[in-house]
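*Asks:* As input, take query03.cif (mmCIF, C-alpha atoms):
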data_structure
loop_
_atom_site.group_PDB
_atom_site.id
_atom_site.type_symbol
_atom_site.label_atom_id
_atom_site.label_comp_id
_atom_site.auth_asym_id
_atom_site.auth_seq_id
_atom_site.Cartn_x
_atom_site.Cartn_y
_atom_site.Cartn_z
ATOM 1 C CA SER A 1 4.566 -0.792 34.219
ATOM 2 C CA PRO A 2 3.847 -2.341 30.798
ATOM 3 C CA LYS A 3 6.285 -1.693 28.011
ATOM 4 C CA ILE A 4 3.970 -0.269 25.371
ATOM 5 C CA TRP A 5 6.646 -0.100 22.685
ATOM 6 C CA GLN A 6 6.744 -3.914 22.576
ATOM 7 C CA PHE A 7 3.048 -4.017 21.734
ATOM 8 C CA VAL A 8 3.463 -1.272 19.138
ATOM 9 C CA VAL A 9 6.371 -3.085 17.464
ATOM 10 C CA MET A 10 4.451 -6.385 17.427
ATOM 11 C CA GLY A 11 1.313 -4.708 16.058
ATOM 12 C CA VAL A 12 3.143 -2.822 13.304
ATOM 13 C CA SER A 13 5.191 -5.862 12.283
ATOM 14 C CA GLY A 14 2.038 -8.005 12.271
ATOM 15 C CA ILE A 15 0.188 -5.521 10.061
ATOM 16 C CA LEU A 16 3.133 -5.148 7.678
ATOM 17 C CA GLY A 17 3.744 -8.900 7.512
ATOM 18 C CA GLY A 18 0.044 -9.615 6.950
ATOM 19 C CA GLY A 19 -0.123 -6.898 4.292
ATOM 20 C CA VAL A 20 2.861 -8.323 2.411
ATOM 21 C CA LEU A 21 1.384 -11.841 2.515
ATOM 22 C CA PHE A 22 -1.976 -10.474 1.359
ATOM 23 C CA ILE A 23 -0.336 -8.710 -1.612
ATOM 24 C CA LEU A 24 1.789 -11.713 -2.562
ATOM 25 C CA ALA A 25 -1.190 -14.108 -2.357
ATOM 26 C CA ALA A 26 -2.594 -12.842 -5.683
ATOM 27 C CA SER A 27 -0.554 -11.609 -8.633
ATOM 28 C CA TYR A 28 -2.991 -8.855 -9.638
ATOM 29 C CA ARG A 29 -2.396 -7.105 -6.291
ATOM 30 C CA MET A 30 1.328 -6.898 -6.996
ATOM 31 C CA ASP A 31 0.531 -5.685 -10.516
ATOM 32 C CA ARG A 32 -1.533 -2.840 -9.023
ATOM 33 C CA ILE A 33 1.376 -1.849 -6.801
ATOM 34 C CA GLU A 34 3.779 -1.891 -9.773
ATOM 35 C CA ILE A 35 1.388 0.218 -11.868
ATOM 36 C CA TRP A 36 0.916 2.626 -8.963
ATOM 37 C CA LEU A 37 4.670 3.085 -8.531
ATOM 38 C CA HIS A 38 5.467 3.337 -12.265
ATOM 39 C CA PRO A 39 2.315 4.063 -14.325
ATOM 40 C CA GLU A 40 4.333 5.348 -17.287
ATOM 41 C CA ASP A 41 6.343 2.115 -17.617
ATOM 42 C CA ASP A 42 3.358 -0.242 -17.840
ATOM 43 C CA PRO A 43 3.407 -2.212 -21.121
ATOM 44 C CA THR A 44 -0.236 -3.312 -20.693
ATOM 45 C CA ASP A 45 -1.493 0.311 -20.497
ATOM 46 C CA LYS A 46 -3.232 -0.328 -17.168
ATOM 47 C CA GLY A 47 -1.569 2.849 -15.902
ATOM 48 C CA PHE A 48 -3.138 4.886 -18.715
ATOM 49 C CA GLN A 49 -6.132 5.907 -16.553
ATOM 50 C CA THR A 50 -3.833 7.155 -13.809
ATOM 51 C CA LEU A 51 -1.635 9.141 -16.190
ATOM 52 C CA GLN A 52 -4.566 10.741 -18.013
ATOM 53 C CA GLY A 53 -6.177 11.633 -14.681
ATOM 54 C CA LEU A 54 -2.970 13.312 -13.541
ATOM 55 C CA TYR A 55 -2.770 15.181 -16.875
ATOM 56 C CA ALA A 56 -6.332 16.411 -16.313
ATOM 57 C CA ILE A 57 -5.526 17.574 -12.793
ATOM 58 C CA GLY A 58 -2.352 19.314 -13.939
ATOM 59 C CA SER A 59 -3.941 21.048 -16.915
ATOM 60 C CA GLY A 60 -6.684 22.587 -14.755
ATOM 61 C CA GLY A 61 -4.372 25.080 -13.105
ATOM 62 C CA LEU A 62 -5.703 27.346 -10.379
ATOM 63 C CA PHE A 63 -9.193 28.117 -11.719
ATOM 64 C CA GLY A 64 -9.616 25.473 -14.435
ATOM 65 C CA LYS A 65 -10.605 25.581 -18.075
ATOM 66 C CA GLY A 66 -14.285 26.244 -17.391
ATOM 67 C CA LEU A 67 -17.356 24.043 -17.035
ATOM 68 C CA GLY A 68 -17.680 21.638 -19.945
ATOM 69 C CA GLN A 69 -14.248 22.554 -21.327
ATOM 70 C CA SER A 70 -12.412 19.384 -20.284
ATOM 71 C CA MET A 71 -10.372 17.756 -23.026
ATOM 72 C CA GLN A 72 -9.583 14.570 -21.079
ATOM 73 C CA LYS A 73 -13.211 13.451 -20.835
ATOM 74 C CA LEU A 74 -13.534 13.429 -24.632
ATOM 75 C CA GLY A 75 -11.896 10.028 -24.971
ATOM 76 C CA PHE A 76 -8.471 10.465 -23.413
ATOM 77 C CA LEU A 77 -9.599 9.466 -19.922
ATOM 78 C CA PRO A 78 -11.014 5.917 -20.211
ATOM 79 C CA GLU A 79 -13.117 6.134 -17.035
ATOM 80 C CA ALA A 80 -14.248 9.756 -17.177
ATOM 81 C CA GLN A 81 -17.022 9.022 -14.693
ATOM 82 C CA ASN A 82 -14.262 9.040 -12.069
ATOM 83 C CA VAL A 83 -14.966 12.725 -11.997
ATOM 84 C CA PHE A 84 -12.595 14.240 -9.463
ATOM 85 C CA SER A 85 -9.891 14.589 -12.124
ATOM 86 C CA ILE A 86 -12.449 16.206 -14.468
ATOM 87 C CA ILE A 87 -13.523 18.576 -11.664
ATOM 88 C CA CYS A 88 -9.868 19.532 -11.244
ATOM 89 C CA GLU A 89 -9.476 20.133 -14.978
ATOM 90 C CA GLU A 90 -12.669 22.154 -15.433
ATOM 91 C CA LEU A 91 -12.737 24.036 -12.106
ATOM 92 C CA GLY A 92 -9.059 23.932 -11.185
ATOM 93 C CA LEU A 93 -7.522 23.802 -7.751
ATOM 94 C CA PHE A 94 -10.136 26.228 -6.457
ATOM 95 C CA GLY A 95 -13.032 23.990 -7.584
ATOM 96 C CA ALA A 96 -11.376 20.884 -6.170
ATOM 97 C CA PHE A 97 -10.897 22.710 -2.872
ATOM 98 C CA CYS A 98 -14.579 23.721 -2.865
ATOM 99 C CA VAL A 99 -15.712 20.120 -3.497
ATOM 100 C CA ILE A 100 -13.484 18.853 -0.684
ATOM 101 C CA MET A 101 -14.807 21.575 1.643
ATOM 102 C CA LEU A 102 -18.404 20.560 0.836
ATOM 103 C CA PHE A 103 -17.601 16.971 1.776
ATOM 104 C CA LEU A 104 -15.925 18.162 4.980
ATOM 105 C CA LEU A 105 -19.009 20.245 5.801
ATOM 106 C CA MET A 106 -21.261 17.225 5.272
ATOM 107 C CA ILE A 107 -19.021 15.006 7.408
ATOM 108 C CA TRP A 108 -18.918 17.654 10.133
ATOM 109 C CA ARG A 109 -22.720 17.921 10.125
ATOM 110 C CA LEU A 110 -22.980 14.130 10.367
ATOM 111 C CA MET A 111 -20.621 14.297 13.352
ATOM 112 C CA VAL A 112 -22.861 16.917 14.987
ATOM 113 C CA ILE A 113 -25.905 14.697 14.410
ATOM 114 C CA ALA A 114 -24.072 11.673 15.860
ATOM 115 C CA ASN A 115 -22.971 13.619 18.940
ATOM 116 C CA ASN A 116 -26.475 14.919 19.624
ATOM 117 C CA ALA A 117 -28.509 11.829 18.739
ATOM 118 C CA ALA A 118 -31.266 10.881 21.182
ATOM 119 C CA ASP A 119 -29.913 7.367 21.751
ATOM 120 C CA LEU A 120 -26.854 5.179 21.219
ATOM 121 C CA TYR A 121 -28.473 3.425 18.253
ATOM 122 C CA GLY A 122 -28.837 6.714 16.359
ATOM 123 C CA THR A 123 -25.276 7.680 17.245
ATOM 124 C CA LEU A 124 -23.933 4.408 15.873
ATOM 125 C CA ILE A 125 -25.986 4.635 12.670
ATOM 126 C CA VAL A 126 -24.833 8.167 11.887
ATOM 127 C CA SER A 127 -21.237 7.403 12.891
ATOM 128 C CA GLY A 128 -21.205 4.500 10.439
ATOM 129 C CA ILE A 129 -22.636 6.675 7.672
ATOM 130 C CA MET A 130 -20.077 9.383 8.416
ATOM 131 C CA ALA A 131 -17.213 6.864 8.343
ATOM 132 C CA HIS A 132 -18.487 5.306 5.091
ATOM 133 C CA ILE A 133 -18.668 8.633 3.274
ATOM 134 C CA ALA A 134 -15.371 9.919 4.693
ATOM 135 C CA ILE A 135 -13.501 6.749 3.720
ATOM 136 C CA GLN A 136 -14.979 6.803 0.203
ATOM 137 C CA VAL A 137 -13.974 10.438 -0.318
ATOM 138 C CA ILE A 138 -10.453 9.896 1.000
ATOM 139 C CA LEU A 139 -9.881 6.735 -1.048
ATOM 140 C CA ASN A 140 -11.271 8.189 -4.290
ATOM 141 C CA ILE A 141 -9.230 11.383 -4.097
ATOM 142 C CA ALA A 142 -6.119 9.420 -3.082
ATOM 143 C CA VAL A 143 -6.507 7.113 -6.103
ATOM 144 C CA VAL A 144 -7.140 9.971 -8.538
ATOM 145 C CA THR A 145 -4.050 11.827 -7.307
ATOM 146 C CA ASN A 146 -2.027 8.557 -7.447
ATOM 147 C CA THR A 147 -1.343 8.639 -3.707
ATOM 148 C CA ILE A 148 -2.458 5.007 -3.301
ATOM 149 C CA PRO A 149 -2.933 2.123 -5.769
ATOM 150 C CA ASN A 150 -6.188 1.967 -7.719
ATOM 151 C CA THR A 151 -9.129 0.638 -5.704
ATOM 152 C CA GLY A 152 -12.233 1.378 -7.784
ATOM 153 C CA ILE A 153 -13.996 3.375 -5.050
ATOM 154 C CA THR A 154 -16.419 6.039 -6.316
ATOM 155 C CA LEU A 155 -16.709 9.657 -5.168
ATOM 156 C CA PRO A 156 -19.964 9.878 -3.164
ATOM 157 C CA PHE A 157 -22.915 11.622 -4.874
ATOM 158 C CA ILE A 158 -20.754 12.677 -7.833
ATOM 159 C CA SER A 159 -19.320 9.604 -9.572
ATOM 160 C CA TYR A 160 -21.375 7.538 -11.985
ATOM 161 C CA GLY A 161 -23.265 4.623 -10.463
ATOM 162 C CA GLY A 162 -26.936 4.077 -9.700
ATOM 163 C CA THR A 163 -26.628 1.502 -6.924
ATOM 164 C CA ALA A 164 -23.960 3.450 -5.030
ATOM 165 C CA THR A 165 -26.033 6.624 -5.239
ATOM 166 C CA SER A 166 -29.161 4.779 -4.073
ATOM 167 C CA PHE A 167 -27.389 3.468 -1.009
ATOM 168 C CA LEU A 168 -25.865 6.875 -0.237
ATOM 169 C CA LEU A 169 -29.287 8.527 -0.486
ATOM 170 C CA ALA A 170 -30.755 5.858 1.813
ATOM 171 C CA GLU A 171 -27.939 6.510 4.282
ATOM 172 C CA MET A 172 -28.618 10.236 4.185
ATOM 173 C CA GLY A 173 -32.305 9.521 4.819
ATOM 174 C CA LEU A 174 -31.361 7.511 7.912
ATOM 175 C CA ALA A 175 -29.097 10.331 9.117
ATOM 176 C CA LEU A 176 -31.868 12.889 8.611
ATOM 177 C CA SER A 177 -34.276 10.612 10.473
ATOM 178 C CA VAL A 178 -31.877 10.507 13.424
ATOM 179 C CA SER A 179 -31.413 14.286 13.245
ATOM 180 C CA ARG A 180 -35.167 14.778 13.491
ATOM 181 C CA GLY A 181 -35.057 13.273 16.992
ATOM 182 C CA ILE A 182 -32.470 15.751 18.279
ATOM 183 C CA ARG A 183 -33.716 18.126 20.938
ATOM 184 C CA LEU A 184 -32.217 21.586 20.764
ATOM 185 C CA GLU A 185 -31.170 23.192 24.035
ATOM 186 C CA GLY A 186 -33.613 25.801 25.235
ATOM 187 C CA SER A 187 -36.404 24.418 23.047
ATOM 188 C CA SER A 188 -39.728 23.923 24.835
ATOM 189 C CA HIS A 189 -41.446 22.025 21.998
ATOM 190 C CA ASP A 190 -42.703 18.519 22.844
#
Could you render the structure as structure tokens?

*Replies:*
Amino acid sequence: SPKIWQFVVMGVSGILGGGVLFILAASYRMDRIEIWLHPEDDPTDKGFQTLQGLYAIGSGGLFGKGLGQSMQKLGFLPEAQNVFSIICEELGLFGAFCVIMLFLLMIWRLMVIANNAADLYGTLIVSGIMAHIAIQVILNIAVVTNTIPNTGITLPFISYGGTATSFLLAEMGLALSVSRGIRLEGSSHD
């Protein structure tokens, strides 16, 4: 019988070794890691965005300050269009939870469409769209909460950006086109 642990150890060490080499290959990558680990100690103020975003999240409390009542977006938060921190400040933990639940609902519906698509092509298209949106949401929220180093990924349909929104709307159009071809069980329509 194969010894799976050997493959796991080799895979993990390969990924970690490749990741370290990738980070060390360019100095700005190491700078991002340093800023992520210690945003308050950064002499170049590159951690300012992260700190102000965390202040916005923390000041929102449970139900927030109210729509339009954010103080951080009035000049304290350099990139206020990275709106998840502003959502947390204005709508609080409850509003942030609602936004996350809406994204989960959309991802779940995309999964339903992918599972019931008429052909493999439709399944693959919708699965790719679902993965794209899910990864963007996870990365944006992780960056805003300082869980991972800054990546510059926008929050789908909410963050500022015309091109990103155009592509997301085109993706949703493709998903809706695939969903139109789904046959419901018990339906006798042709």

*Asks:* For Leu67 (chain A), which residue out of A:Gly11, A:Gly18, A:Gly53, A:Gly95 is the nearest one, using all atoms listed in the file?

*Replies:*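 Selected residue with least distance to Leu67 (chain A): A:Gly95.
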
*Asks:* Of the residues A:Met101, A:Ile129, A:Val144, A:Ile35, which is the one nearest to Ile86 (chain A), using all atoms listed in the file?

*Replies:* A:Val144

*Asks:* Which residues, written as a list in words, have at least one atom at most 7 Å from region 149-165 of chain A, with all atoms listed in the file counted and residues fewer than 5 positions away on the same chain left out?

*Replies:* Arg32, Ile33, Trp36, Gln81, Asn82, Val83, Ile133, Gln136, Val137, Leu139, Asn140 and Val143 of chain A

*Asks:* What is the CA of Ala118 (chain A)-CA of Val178 (chain A) distance in Å, reported with one decimal?

*Replies:*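 Computing the Euclidean distance for CA of Ala118 (chain A) and CA of Val178 (chain A) yields 7.8 Å.
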
*Asks:* Please, what distance in Å, to one decimal, runs between CA of Lys65 (chain A) and CA of Leu91 (chain A)?

*Replies:* 6.5 Å

*Asks:* Contacts of Gly60 (chain A) at 10 Å or less, counting only C-alpha atoms, minus same-chain residues fewer than 6 places along, as a list in words?

*Replies:*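 Answer for this query is Gly66, Ser70, Ser85, Ile86, Ile87, Cys88, Glu89, Glu90, Leu91, Gly92, Leu93, Phe94, Gly95 and Ala96 of chain A.
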
*Asks:* List the residues selected by the PyMOL selection byres ((chain A and resi 126) around 8) in the file shown, writing them as a compact mmCIF listing (two decimals) with C-alpha atoms, keeping the file's coordinate frame.

*Replies:*
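So the final result, stored in selection.txt, reads:
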# COMPACT_ATOMS: atom_id res chain seq x y z
CA LEU A 110 -22.98 14.13 10.37
CA MET A 111 -20.62 14.30 13.35
CA ILE A 113 -25.90 14.70 14.41
CA ALA A 114 -24.07 11.67 15.86
CA GLY A 122 -28.84 6.71 16.36
CA THR A 123 -25.28 7.68 17.24
CA LEU A 124 -23.93 4.41 15.87
CA ILE A 125 -25.99 4.64 12.67
CA SER A 127 -21.24 7.40 12.89
CA GLY A 128 -21.20 4.50 10.44
CA ILE A 129 -22.64 6.68 7.67
CA MET A 130 -20.08 9.38 8.42
CA LEU A 174 -31.36 7.51 7.91
CA ALA A 175 -29.10 10.33 9.12
CA VAL A 178 -31.88 10.51 13.42

*Asks:* For Leu176 (chain A), which residue out of A:Ala117, A:Ala25, A:Ala131, A:Thr145 is the nearest one, using all atoms listed in the file?

*Replies:*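 Closest to Leu176 (chain A) of all the choices is A:Ala117.
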
*Asks:* So what do you get for CA of Leu54 (chain A) versus CA of Asn146 (chain A), distance-wise?

*Replies:*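 These two atoms are separated by 7.8 Å.
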
*Asks:* Would you please work out which residue, of A:Leu62, A:Ala56, A:Met30, A:Leu16, is nearest to Leu74 (chain A) when using only C-alpha atoms?

*Replies:*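 Ranked by minimum distance to Leu74 (chain A), first place goes to A:Ala56.
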
*Asks:* For Cys98 (chain A), which residue among A:Gly173, A:Phe84, A:Arg180, A:Leu120 is the nearest when counting all atoms listed in the file?

*Replies:*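 Under the stated criterion, the closest residue is A:Phe84.
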
*Asks:* For each of A:Gly47, A:Met172, A:Lys73, A:Gly181, take the minimum atom-to-atom distance to Met106 (chain A), counting all atoms listed in the file, then give the residue where this is smallest.

*Replies:*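 Closest to Met106 (chain A) of all the choices is A:Met172.
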